[in-house]
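> Structure file model16.txt (compact mmCIF, C-alpha atoms and all ligand atoms) is given on the next line.
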# COMPACT_ATOMS: atom_id res chain seq x y z
CA LEU A 344 -1.18 -12.76 16.07
CA LEU A 345 2.13 -14.24 14.88
CA SER A 346 2.10 -18.04 14.96
CA GLY A 347 5.22 -19.00 13.03
CA VAL A 348 7.35 -18.73 9.93
CA ASP A 349 5.06 -20.18 7.27
CA HIS A 350 7.49 -20.35 4.36
CA VAL A 351 10.46 -18.84 2.62
CA GLY A 352 9.95 -18.08 -1.08
CA ILE A 353 12.58 -18.60 -3.76
CA ALA A 354 12.18 -17.18 -7.27
CA VAL A 355 13.06 -19.70 -9.97
CA ALA A 356 12.93 -19.66 -13.77
CA ASP A 357 11.59 -23.20 -14.20
CA LEU A 358 9.43 -24.86 -11.55
CA ASP A 359 10.01 -28.53 -12.42
CA THR A 360 13.78 -28.10 -12.66
CA ALA A 361 13.80 -26.35 -9.26
CA ILE A 362 11.62 -29.04 -7.62
CA ASP A 363 13.98 -31.76 -8.90
CA PHE A 364 16.99 -29.81 -7.61
CA GLN A 365 15.54 -29.38 -4.10
CA ARG A 366 14.47 -33.03 -3.95
CA ASP A 367 17.69 -34.53 -5.32
CA THR A 368 20.07 -32.21 -3.47
CA PHE A 369 18.43 -31.59 -0.09
CA GLY A 370 15.82 -34.33 0.13
CA LEU A 371 12.88 -31.93 0.35
CA GLU A 372 9.52 -33.41 -0.59
CA LEU A 373 6.85 -31.78 -2.74
CA THR A 374 3.70 -31.25 -0.65
CA HIS A 375 1.58 -28.93 -2.83
CA ARG A 376 1.58 -27.14 -6.15
CA GLU A 377 -0.77 -24.74 -7.88
CA GLU A 378 -1.05 -21.80 -10.25
CA ASN A 379 -2.13 -18.44 -8.86
CA GLU A 380 -3.39 -16.26 -11.73
CA ASP A 381 -3.84 -13.20 -9.53
CA GLN A 382 -0.19 -13.34 -8.41
CA GLY A 383 1.10 -14.47 -11.82
CA VAL A 384 2.94 -17.48 -10.39
CA ARG A 385 3.29 -21.22 -10.72
CA GLU A 386 4.29 -22.36 -7.27
CA ALA A 387 5.34 -25.42 -5.33
CA MET A 388 5.61 -26.06 -1.59
CA LEU A 389 8.28 -28.39 -0.24
CA ALA A 390 8.97 -29.71 3.25
CA ALA A 391 11.44 -31.89 5.05
CA PRO A 392 10.40 -35.56 5.19
CA GLY A 393 8.00 -36.17 8.08
CA ASP A 394 7.34 -32.50 8.79
CA SER A 395 3.97 -31.84 10.38
CA THR A 396 1.50 -29.50 8.66
CA GLY A 397 2.60 -26.53 10.77
CA ALA A 398 6.27 -26.78 9.79
CA THR A 399 8.06 -24.07 7.83
CA ARG A 400 8.15 -24.84 4.13
CA ILE A 401 10.15 -23.78 1.10
CA GLN A 402 8.07 -22.18 -1.65
CA LEU A 403 9.34 -22.18 -5.22
CA LEU A 404 7.90 -19.38 -7.38
CA ALA A 405 8.10 -19.33 -11.18
CA PRO A 406 6.57 -16.59 -13.35
CA LEU A 407 3.36 -17.17 -15.29
CA ARG A 408 3.63 -13.87 -17.16
CA ALA A 409 6.37 -11.47 -18.22
CA ASP A 410 4.81 -8.59 -16.24
CA SER A 411 4.52 -10.50 -12.94
CA ALA A 412 6.35 -9.71 -9.69
CA ILE A 413 8.46 -12.87 -10.02
CA ALA A 414 9.41 -12.12 -13.64
CA LYS A 415 10.55 -8.65 -12.60
CA PHE A 416 12.49 -10.07 -9.64
CA LEU A 417 14.26 -12.61 -11.90
CA ASP A 418 15.12 -9.92 -14.45
CA ARG A 419 16.64 -7.74 -11.77
CA ASN A 420 18.29 -10.28 -9.43
CA GLY A 421 18.26 -13.67 -11.06
CA PRO A 422 17.02 -16.65 -9.03
CA GLY A 423 17.14 -16.43 -5.23
CA LEU A 424 15.32 -15.62 -1.99
CA GLN A 425 12.35 -13.38 -2.78
CA GLN A 426 10.20 -13.37 0.36
CA LEU A 427 9.79 -14.33 4.02
CA ALA A 428 6.23 -15.35 4.93
CA LEU A 429 5.00 -15.01 8.51
CA ARG A 430 1.94 -17.01 9.56
CA VAL A 431 -0.70 -15.05 11.44
CA THR A 432 -3.99 -16.01 13.02
CA ASP A 433 -5.83 -12.90 11.77
CA VAL A 434 -4.38 -11.14 8.73
CA ASP A 435 -6.77 -8.18 8.95
CA ALA A 436 -5.74 -7.46 12.53
CA ALA A 437 -2.05 -8.02 11.71
CA CYS A 438 -2.24 -5.52 8.83
CA ALA A 439 -3.98 -2.96 11.05
CA ALA A 440 -1.33 -3.35 13.75
CA LEU A 441 1.50 -2.98 11.24
CA ARG A 442 -0.10 0.09 9.63
CA ASP A 443 -0.24 1.62 13.10
CA ARG A 444 3.52 1.02 13.32
CA GLY A 445 4.08 2.91 10.06
CA MET A 446 4.47 -0.07 7.72
CA ARG A 447 3.12 0.20 4.18
CA LEU A 448 0.99 -2.82 3.21
CA LEU A 449 0.89 -3.53 -0.52
CA TYR A 450 -2.84 -4.26 -0.69
CA ASP A 451 -5.74 -2.36 0.91
CA ALA A 452 -7.39 -5.72 1.63
CA PRO A 453 -5.89 -9.23 1.77
CA ARG A 454 -5.88 -11.30 -1.44
CA ARG A 455 -5.98 -15.01 -2.15
CA GLY A 456 -2.75 -16.94 -1.55
CA THR A 457 -1.64 -20.56 -1.58
CA ALA A 458 -4.35 -23.10 -0.77
CA ASP A 459 -6.99 -20.40 -0.22
CA SER A 460 -4.96 -18.60 2.41
CA ARG A 461 -5.42 -14.83 2.80
CA ILE A 462 -2.27 -12.80 2.19
CA ASN A 463 -0.80 -9.32 2.20
CA PHE A 464 2.76 -7.99 2.00
CA VAL A 465 4.81 -5.38 3.87
CA HIS A 466 6.80 -3.21 1.46
CA PRO A 467 10.44 -4.38 1.48
CA LYS A 468 11.68 -0.81 1.96
CA ASP A 469 9.83 -0.68 5.32
CA ALA A 470 11.10 -4.08 6.50
CA GLY A 471 14.86 -3.90 6.25
CA GLY A 472 15.02 -4.87 2.58
CA VAL A 473 12.92 -8.02 3.05
CA LEU A 474 9.60 -8.60 1.30
CA VAL A 475 7.51 -9.87 4.24
CA GLU A 476 4.33 -11.76 3.40
CA LEU A 477 1.59 -12.18 6.01
CA VAL A 478 -0.38 -15.37 5.55
CA GLN A 479 -3.53 -16.51 7.32
CA PRO A 480 -4.07 -20.17 6.35
CA ALA A 481 -7.55 -21.33 5.32
CA GLN A 482 -9.45 -23.00 8.16
C1 LIG B 501 11.67 -5.42 -4.99
N1 LIG B 501 12.52 -4.98 -4.06
C2 LIG B 501 12.74 -5.97 -3.18
C3 LIG B 501 11.99 -7.07 -3.63
N2 LIG B 501 11.33 -6.70 -4.76
N3 LIG B 501 13.47 -6.03 -2.07
C4 LIG B 501 13.49 -7.20 -1.40
N4 LIG B 501 12.80 -8.30 -1.79
C5 LIG B 501 12.04 -8.27 -2.90
N5 LIG B 501 11.37 -9.35 -3.27
C6 LIG B 501 13.10 -3.65 -3.96
C7 LIG B 501 13.62 -3.16 -5.27
O1 LIG B 501 14.94 -3.63 -5.46
C8 LIG B 501 13.56 -1.68 -5.11
O2 LIG B 501 14.68 -1.24 -4.41
C9 LIG B 501 12.33 -1.47 -4.24
O3 LIG B 501 12.07 -2.74 -3.62
C10 LIG B 501 11.05 -1.07 -4.95
O4 LIG B 501 11.07 -1.65 -6.18
P1 LIG B 501 10.05 -1.20 -7.30
O5 LIG B 501 10.74 -1.33 -8.62
O6 LIG B 501 9.36 0.05 -6.95
O7 LIG B 501 8.95 -2.28 -7.20
P2 LIG B 501 8.86 -3.65 -7.93
O8 LIG B 501 8.13 -3.43 -9.22
O9 LIG B 501 10.18 -4.34 -7.95
O10 LIG B 501 7.88 -4.43 -6.99
C11 LIG B 501 8.26 -4.82 -5.71
C12 LIG B 501 7.01 -5.30 -5.00
C13 LIG B 501 6.38 -6.41 -5.87
C14 LIG B 501 7.45 -5.83 -3.63
C15 LIG B 501 6.04 -4.13 -4.83
O11 LIG B 501 7.30 -7.48 -6.06
C16 LIG B 501 5.12 -6.97 -5.29
O12 LIG B 501 4.04 -6.42 -5.48
N6 LIG B 501 5.24 -8.07 -4.54
C17 LIG B 501 4.08 -8.71 -3.88
C18 LIG B 501 3.53 -9.83 -4.68
C19 LIG B 501 4.52 -10.93 -4.95
O13 LIG B 501 5.70 -10.86 -4.63
N7 LIG B 501 4.01 -11.99 -5.60
C20 LIG B 501 4.80 -13.21 -5.91
C21 LIG B 501 4.67 -14.18 -4.83
P3 LIG B 501 15.53 0.02 -4.92
O14 LIG B 501 16.60 0.17 -3.87
O15 LIG B 501 16.05 -0.36 -6.26
O16 LIG B 501 14.56 1.16 -4.93
S1 LIG B 501 3.03 -14.89 -4.80
C22 LIG B 501 2.89 -15.58 -3.27
O17 LIG B 501 3.78 -15.46 -2.48
C23 LIG B 501 1.59 -16.33 -2.96
C24 LIG B 501 1.25 -17.30 -4.05
C25 LIG B 501 1.61 -17.05 -1.62
O18 LIG B 501 2.65 -17.24 -0.98
O19 LIG B 501 0.50 -17.46 -1.19
For this file, write the structure as structure tokens.


Amino acid sequence: LLSGVDHVGIAVADLDTAIDFQRDTFGLELTHREENEDQGVREAMLAAPGDSTGATRIQLLAPLRADSAIAKFLDRNGPGLQQLALRVTDVDAACAALRDRGMRLLYDAPRRGTADSRINFVHPKDAGGVLVELVQPAQ
């Protein structure tokens, strides 16, 4: 079911400032941006120049609301790595397999993620202190 590391997510206070920093410092290119009301984030995806569509990307996550997961993360930790996202071919089957292994999934059913992907998360306390997102890209 696992087909790659989809992205690594970094919590930031200001999205445009963070995009400029990644572009000017590391040469990463902006490939996608959107707002996700359900998740309470403004987000941007960046990739190395010339990366194919399947390449691992960097996701920048800024809070849309004070009560969002990213706002809480920033309050507690400041900016920094917030999540590791694994790409799967079937998120329902991946969640079932992980539940069988004793992992707590945050949602009973997958929700909408970036670019109409379907996502769920393993609780960080069950995954060695890492918030692991499972993402099944849209077809
Ligand atoms: C919290 N903890 C983390 C963590 N967030 N550990 C590692 N990485 C993180 N990102 C730790 C806390 O320090 C705490 O440890 C323990 O987990 C439980 O904390 P809590 O206070 O009970 O819970 P909260 O309120 O901090 O919430 C954590 C939780 C939340 C993971 C449940 O952030 C959440 O629902 N996340 C899923 C949604 C999300 O992250 N959305 C933004 C990305 P101690 O030791 O103090 O007990 S949206 C996205 O990613 C979409 C757009 C996409 O990619 O498609």

> If the limit is 9 Å from any atom of ligand LIG 501 (chain B), counting all atoms listed in the file, which residues qualify? Return them as a PDB file with C-alpha atoms, in the coordinates of the input.


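Saved result, selection_29.pdb, follows:
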ATOM      1  CA  HIS A 350       7.490 -20.350   4.360  1.00  0.00           C
ATOM      2  CA  VAL A 351      10.460 -18.840   2.620  1.00  0.00           C
ATOM      3  CA  GLY A 352       9.950 -18.080  -1.080  1.00  0.00           C
ATOM      4  CA  ALA A 354      12.180 -17.180  -7.270  1.00  0.00           C
ATOM      5  CA  GLU A 377      -0.770 -24.740  -7.880  1.00  0.00           C
ATOM      6  CA  GLU A 378      -1.050 -21.800 -10.250  1.00  0.00           C
ATOM      7  CA  ASN A 379      -2.130 -18.440  -8.860  1.00  0.00           C
ATOM      8  CA  ASP A 381      -3.840 -13.200  -9.530  1.00  0.00           C
ATOM      9  CA  GLN A 382      -0.190 -13.340  -8.410  1.00  0.00           C
ATOM     10  CA  GLY A 383       1.100 -14.470 -11.820  1.00  0.00           C
ATOM     11  CA  VAL A 384       2.940 -17.480 -10.390  1.00  0.00           C
ATOM     12  CA  ARG A 385       3.290 -21.220 -10.720  1.00  0.00           C
ATOM     13  CA  GLU A 386       4.290 -22.360  -7.270  1.00  0.00           C
ATOM     14  CA  GLN A 402       8.070 -22.180  -1.650  1.00  0.00           C
ATOM     15  CA  LEU A 404       7.900 -19.380  -7.380  1.00  0.00           C
ATOM     16  CA  ALA A 405       8.100 -19.330 -11.180  1.00  0.00           C
ATOM     17  CA  PRO A 406       6.570 -16.590 -13.350  1.00  0.00           C
ATOM     18  CA  SER A 411       4.520 -10.500 -12.940  1.00  0.00           C
ATOM     19  CA  ALA A 412       6.350  -9.710  -9.690  1.00  0.00           C
ATOM     20  CA  ILE A 413       8.460 -12.870 -10.020  1.00  0.00           C
ATOM     21  CA  LYS A 415      10.550  -8.650 -12.600  1.00  0.00           C
ATOM     22  CA  PHE A 416      12.490 -10.070  -9.640  1.00  0.00           C
ATOM     23  CA  ARG A 419      16.640  -7.740 -11.770  1.00  0.00           C
ATOM     24  CA  ASN A 420      18.290 -10.280  -9.430  1.00  0.00           C
ATOM     25  CA  LEU A 424      15.320 -15.620  -1.990  1.00  0.00           C
ATOM     26  CA  GLN A 425      12.350 -13.380  -2.780  1.00  0.00           C
ATOM     27  CA  GLN A 426      10.200 -13.370   0.360  1.00  0.00           C
ATOM     28  CA  LEU A 427       9.790 -14.330   4.020  1.00  0.00           C
ATOM     29  CA  ALA A 428       6.230 -15.350   4.930  1.00  0.00           C
ATOM     30  CA  LEU A 449       0.890  -3.530  -0.520  1.00  0.00           C
ATOM     31  CA  TYR A 450      -2.840  -4.260  -0.690  1.00  0.00           C
ATOM     32  CA  ARG A 454      -5.880 -11.300  -1.440  1.00  0.00           C
ATOM     33  CA  ARG A 455      -5.980 -15.010  -2.150  1.00  0.00           C
ATOM     34  CA  GLY A 456      -2.750 -16.940  -1.550  1.00  0.00           C
ATOM     35  CA  THR A 457      -1.640 -20.560  -1.580  1.00  0.00           C
ATOM     36  CA  ALA A 458      -4.350 -23.100  -0.770  1.00  0.00           C
ATOM     37  CA  ASP A 459      -6.990 -20.400  -0.220  1.00  0.00           C
ATOM     38  CA  SER A 460      -4.960 -18.600   2.410  1.00  0.00           C
ATOM     39  CA  ARG A 461      -5.420 -14.830   2.800  1.00  0.00           C
ATOM     40  CA  ILE A 462      -2.270 -12.800   2.190  1.00  0.00           C
ATOM     41  CA  ASN A 463      -0.800  -9.320   2.200  1.00  0.00           C
ATOM     42  CA  PHE A 464       2.760  -7.990   2.000  1.00  0.00           C
ATOM     43  CA  VAL A 465       4.810  -5.380   3.870  1.00  0.00           C
ATOM     44  CA  HIS A 466       6.800  -3.210   1.460  1.00  0.00           C
ATOM     45  CA  PRO A 467      10.440  -4.380   1.480  1.00  0.00           C
ATOM     46  CA  LYS A 468      11.680  -0.810   1.960  1.00  0.00           C
ATOM     47  CA  ALA A 470      11.100  -4.080   6.500  1.00  0.00           C
ATOM     48  CA  GLY A 471      14.860  -3.900   6.250  1.00  0.00           C
ATOM     49  CA  GLY A 472      15.020  -4.870   2.580  1.00  0.00           C
ATOM     50  CA  VAL A 473      12.920  -8.020   3.050  1.00  0.00           C
ATOM     51  CA  LEU A 474       9.600  -8.600   1.300  1.00  0.00           C
ATOM     52  CA  VAL A 475       7.510  -9.870   4.240  1.00  0.00           C
ATOM     53  CA  GLU A 476       4.330 -11.760   3.400  1.00  0.00           C
ATOM     54  CA  LEU A 477       1.590 -12.180   6.010  1.00  0.00           C
ATOM     55  CA  VAL A 478      -0.380 -15.370   5.550  1.00  0.00           C
TER      56      VAL A 478
END

> For CA of Leu417 in chain A and CA of Asp357 in chain A, quote the distance in Å rounded to one decimal.

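Taking CA of Leu417 in chain A as the start and CA of Asp357 in chain A as the end point, the length is 11.2 Å.
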
> So how many Å separate CA of Asp418 in chain A and CA of Asp359 in chain A, to one decimal?

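The value is 19.4 Å.
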
> Have a look at A:Arg400, A:Arg444, A:Arg376, A:Arg366 and name the one nearest to Val348 in chain A; count only C-alpha atoms.

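Using only C-alpha atoms, Val348 in chain A sits closest to A:Arg400.
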